[in-house]
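These notes concern the structure reproduced below.
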Amino acid sequence: MATFLLIIHGLLAVVLLGGITHQALSIAWPSRTKKGMVSSFRAVSGSVYTNTNIVLYLVTATLGGTIYPVYRVAVRTYLENARLYPAVGSFEIKEQFVAVGLGMLPLYWLLWRRPTDADSKLARLAVTLILCFIVWYGFLVGHVLNNIRGLFGL
(Lines give C-alpha, C1' and ligand atoms only; values in the text may rest on other atoms or scores of the structure.)
Protein backbone atom coordinates (compact mmCIF):
# COMPACT_ATOMS: atom_id res chain seq x y z
CA MET A 1 0.00 0.00 0.00
CA ALA A 2 2.85 2.39 0.80
CA THR A 3 4.30 1.91 -2.70
CA PHE A 4 0.94 2.68 -4.30
CA LEU A 5 0.56 5.85 -2.19
CA LEU A 6 4.13 6.87 -3.04
CA ILE A 7 3.38 6.55 -6.75
CA ILE A 8 0.20 8.62 -6.40
CA HIS A 9 2.15 11.16 -4.32
CA GLY A 10 4.77 11.41 -7.07
CA LEU A 11 2.21 11.77 -9.85
CA LEU A 12 0.37 14.53 -8.00
CA ALA A 13 3.71 16.23 -7.37
CA VAL A 14 4.41 16.24 -11.11
CA VAL A 15 1.04 17.85 -11.83
CA LEU A 16 1.64 20.44 -9.10
CA LEU A 17 5.11 21.08 -10.47
CA GLY A 18 3.68 21.81 -13.91
CA GLY A 19 0.93 24.08 -12.61
CA ILE A 20 3.06 26.17 -10.27
CA THR A 21 5.87 26.48 -12.84
CA HIS A 22 3.42 27.56 -15.51
CA GLN A 23 1.94 30.17 -13.17
CA ALA A 24 5.35 31.40 -11.99
CA LEU A 25 6.61 31.87 -15.54
CA SER A 26 3.41 33.66 -16.55
CA ILE A 27 4.00 36.32 -13.89
CA ALA A 28 7.82 36.46 -13.82
CA TRP A 29 8.27 36.53 -17.60
CA PRO A 30 4.93 37.55 -19.16
CA SER A 31 4.30 37.36 -22.86
CA ARG A 32 1.65 39.21 -24.81
CA THR A 33 1.75 37.09 -27.96
CA LYS A 34 1.19 33.41 -28.43
CA LYS A 35 3.74 32.97 -31.23
CA GLY A 36 5.94 30.02 -30.54
CA MET A 37 5.89 27.41 -27.82
CA VAL A 38 7.77 29.40 -25.16
CA SER A 39 5.71 32.56 -25.66
CA SER A 40 2.41 30.71 -25.59
CA PHE A 41 3.53 28.87 -22.43
CA ARG A 42 4.04 32.24 -20.72
CA ALA A 43 0.98 33.99 -22.20
CA VAL A 44 -1.62 32.50 -19.87
CA SER A 45 -3.79 33.88 -17.12
CA GLY A 46 -1.93 32.83 -13.98
CA SER A 47 -4.94 33.31 -11.73
CA VAL A 48 -6.62 30.28 -13.35
CA TYR A 49 -4.05 27.99 -11.67
CA THR A 50 -4.38 29.29 -8.11
CA ASN A 51 -7.14 27.10 -6.66
CA THR A 52 -5.87 23.99 -8.44
CA ASN A 53 -2.33 24.59 -7.17
CA ILE A 54 -3.59 25.04 -3.62
CA VAL A 55 -5.64 21.82 -3.72
CA LEU A 56 -2.75 19.90 -5.29
CA TYR A 57 -0.32 21.25 -2.68
CA LEU A 58 -2.63 20.24 0.17
CA VAL A 59 -3.35 16.78 -1.24
CA THR A 60 0.30 16.11 -2.06
CA ALA A 61 1.45 17.26 1.38
CA THR A 62 -1.26 15.16 3.07
CA LEU A 63 -0.27 12.10 1.09
CA GLY A 64 3.37 12.75 1.94
CA GLY A 65 2.44 12.92 5.60
CA THR A 66 0.53 9.66 5.29
CA ILE A 67 3.53 7.76 3.91
CA TYR A 68 6.03 9.60 6.14
CA PRO A 69 6.12 6.89 8.86
CA VAL A 70 7.30 4.35 6.27
CA TYR A 71 10.13 6.72 5.29
CA ARG A 72 10.99 7.40 8.92
CA VAL A 73 11.21 3.74 9.91
CA ALA A 74 12.51 2.00 6.80
CA VAL A 75 14.23 4.47 4.50
CA ARG A 76 15.76 6.94 6.91
CA THR A 77 17.31 4.26 9.09
CA TYR A 78 18.85 2.71 5.97
CA LEU A 79 20.24 6.08 4.89
CA GLU A 80 21.72 6.74 8.31
CA ASN A 81 23.26 3.26 8.49
CA ALA A 82 24.77 3.85 5.04
CA ARG A 83 26.09 7.21 6.33
CA LEU A 84 24.28 9.16 3.64
CA TYR A 85 23.79 12.15 5.90
CA PRO A 86 23.44 14.73 3.10
CA ALA A 87 20.45 12.79 1.78
CA VAL A 88 18.88 12.68 5.25
CA GLY A 89 19.56 16.39 5.75
CA SER A 90 18.10 17.35 2.39
CA PHE A 91 14.87 15.56 3.30
CA GLU A 92 14.80 17.34 6.67
CA ILE A 93 15.08 20.66 4.82
CA LYS A 94 12.32 19.53 2.46
CA GLU A 95 10.02 18.95 5.43
CA GLN A 96 10.67 22.47 6.71
CA PHE A 97 10.14 24.04 3.28
CA VAL A 98 6.85 22.20 2.77
CA ALA A 99 5.65 23.42 6.17
CA VAL A 100 6.56 27.02 5.26
CA GLY A 101 4.71 26.55 1.96
CA LEU A 102 1.61 25.36 3.80
CA GLY A 103 1.72 28.51 5.89
CA MET A 104 2.05 30.66 2.76
CA LEU A 105 -0.97 29.19 0.97
CA PRO A 106 -3.53 31.65 2.46
CA LEU A 107 -1.39 34.60 1.39
CA TYR A 108 -0.89 33.04 -2.04
CA TRP A 109 -4.66 32.62 -2.43
CA LEU A 110 -5.35 36.15 -1.23
CA LEU A 111 -2.82 37.72 -3.60
CA TRP A 112 -4.09 35.83 -6.64
CA ARG A 113 -7.83 36.36 -6.08
CA ARG A 114 -7.54 40.14 -6.12
CA PRO A 115 -7.16 42.19 -9.30
CA THR A 116 -3.55 43.08 -10.02
CA ASP A 117 -2.34 46.47 -8.90
CA ALA A 118 1.21 47.78 -8.81
CA ASP A 119 1.65 47.16 -5.08
CA SER A 120 0.47 43.56 -5.05
CA LYS A 121 2.26 42.53 -8.25
CA LEU A 122 5.64 42.29 -6.54
CA ALA A 123 4.17 40.39 -3.57
CA ARG A 124 2.34 38.05 -5.94
CA LEU A 125 5.56 37.42 -7.85
CA ALA A 126 7.59 36.80 -4.69
CA VAL A 127 5.10 34.41 -3.08
CA THR A 128 4.59 32.47 -6.31
CA LEU A 129 8.33 32.12 -6.94
CA ILE A 130 8.93 30.99 -3.35
CA LEU A 131 6.21 28.34 -3.65
CA CYS A 132 7.60 27.29 -7.03
CA PHE A 133 11.05 26.86 -5.47
CA ILE A 134 9.59 24.83 -2.59
CA VAL A 135 7.73 22.53 -4.98
CA TRP A 136 10.78 22.05 -7.23
CA TYR A 137 13.07 21.41 -4.27
CA GLY A 138 10.63 18.96 -2.71
CA PHE A 139 10.15 17.13 -5.99
CA LEU A 140 13.85 16.78 -6.71
CA VAL A 141 14.78 15.68 -3.18
CA GLY A 142 11.91 13.20 -3.07
CA HIS A 143 12.83 11.81 -6.47
CA VAL A 144 16.50 11.38 -5.55
CA LEU A 145 15.70 9.75 -2.21
CA ASN A 146 13.21 7.44 -3.90
CA ASN A 147 15.94 6.26 -6.27
CA ILE A 148 18.97 6.47 -4.01
CA ARG A 149 19.84 2.78 -4.17
CA GLY A 150 19.93 2.91 -7.93
CA LEU A 151 21.95 6.13 -7.94
CA PHE A 152 24.65 4.85 -5.61
CA GLY A 153 24.59 1.18 -6.53
CA LEU A 154 23.86 0.02 -2.99
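Every chain in the C-alpha coordinates takes a letter, A first, then B, and so on in the order presented; its residues are numbered from 1, and the ligands are numbered from 1 following the presented order.
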* **Non-local contacts of segment 6-23 of chain A (7 Å; only C-alpha atoms; under 2 positions in same chain excluded) as a PyMOL selection string** => chain A and resi 2-4+25-27+46+49+53+56-57+60+63-64+132+135-136+139
* Identify, with DSSP run on backbone atoms, the residues in segment 2-144 of chain A assigned to alpha helix (DSSP H), and express the list as JSON, numbers by chain. => {"A": [2, 3, 4, 5, 6, 7, 8, 9, 10, 11, 12, 13, 14, 15, 16, 17, 18, 19, 20, 21, 22, 23, 24, 25, 26, 27, 28, 37, 38, 39, 40, 41, 42, 50, 51, 52, 53, 54, 55, 56, 57, 58, 59, 60, 61, 62, 63, 64, 65, 66, 67, 68, 69, 70, 76, 77, 78, 79, 80, 81, 85, 86, 87, 88, 89, 90, 91, 92, 93, 94, 95, 96, 97, 98, 99, 100, 101, 102, 103, 104, 105, 106, 107, 108, 109, 110, 111, 112, 113, 118, 119, 120, 121, 122, 123, 124, 125, 126, 127, 128, 129, 130, 131, 132, 133, 134, 135, 136, 137, 138, 139, 140, 141, 142, 143, 144]}
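Here the question is which of A:Arg113, A:Ser47, A:Val127, A:Leu145 gets nearest to Tyr71 of chain A using only C-alpha atoms, and that residue is A:Leu145.
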* Closest of A:Leu122, A:Ala87, A:Leu5, A:Ile54 to His143 of chain A - atom-to-atom distances counting only C-alpha atoms -> A:Ala87
* Nearest candidate to Ala123 of chain A (options A:Leu102, A:Met1, A:Ala28, A:Ile148; using only C-alpha atoms) -> A:Ala28
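Note that the spacing between atom CA of Ala99 of chain A and atom CA of Ile134 of chain A amounts to 9.7 Å.
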* From A:Ile93, A:Leu140, A:Leu58, A:Leu125, residue lying nearest Tyr108 of chain A [only C-alpha atoms] -> A:Leu125
* Nearest to Tyr137 of chain A by atom-to-atom distance, counting only C-alpha atoms, from A:Trp29, A:Trp112, A:Phe91, A:Tyr68 ->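 For Tyr137 of chain A, the nearest of the candidates is A:Phe91.
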* Which is closest to Ser90 of chain A among A:Val55, A:Val141, A:Ile130, A:Leu111, if we use only C-alpha atoms? ->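 Ranking A:Val55, A:Val141, A:Ile130, A:Leu111 by distance to Ser90 of chain A, first place goes to A:Val141.
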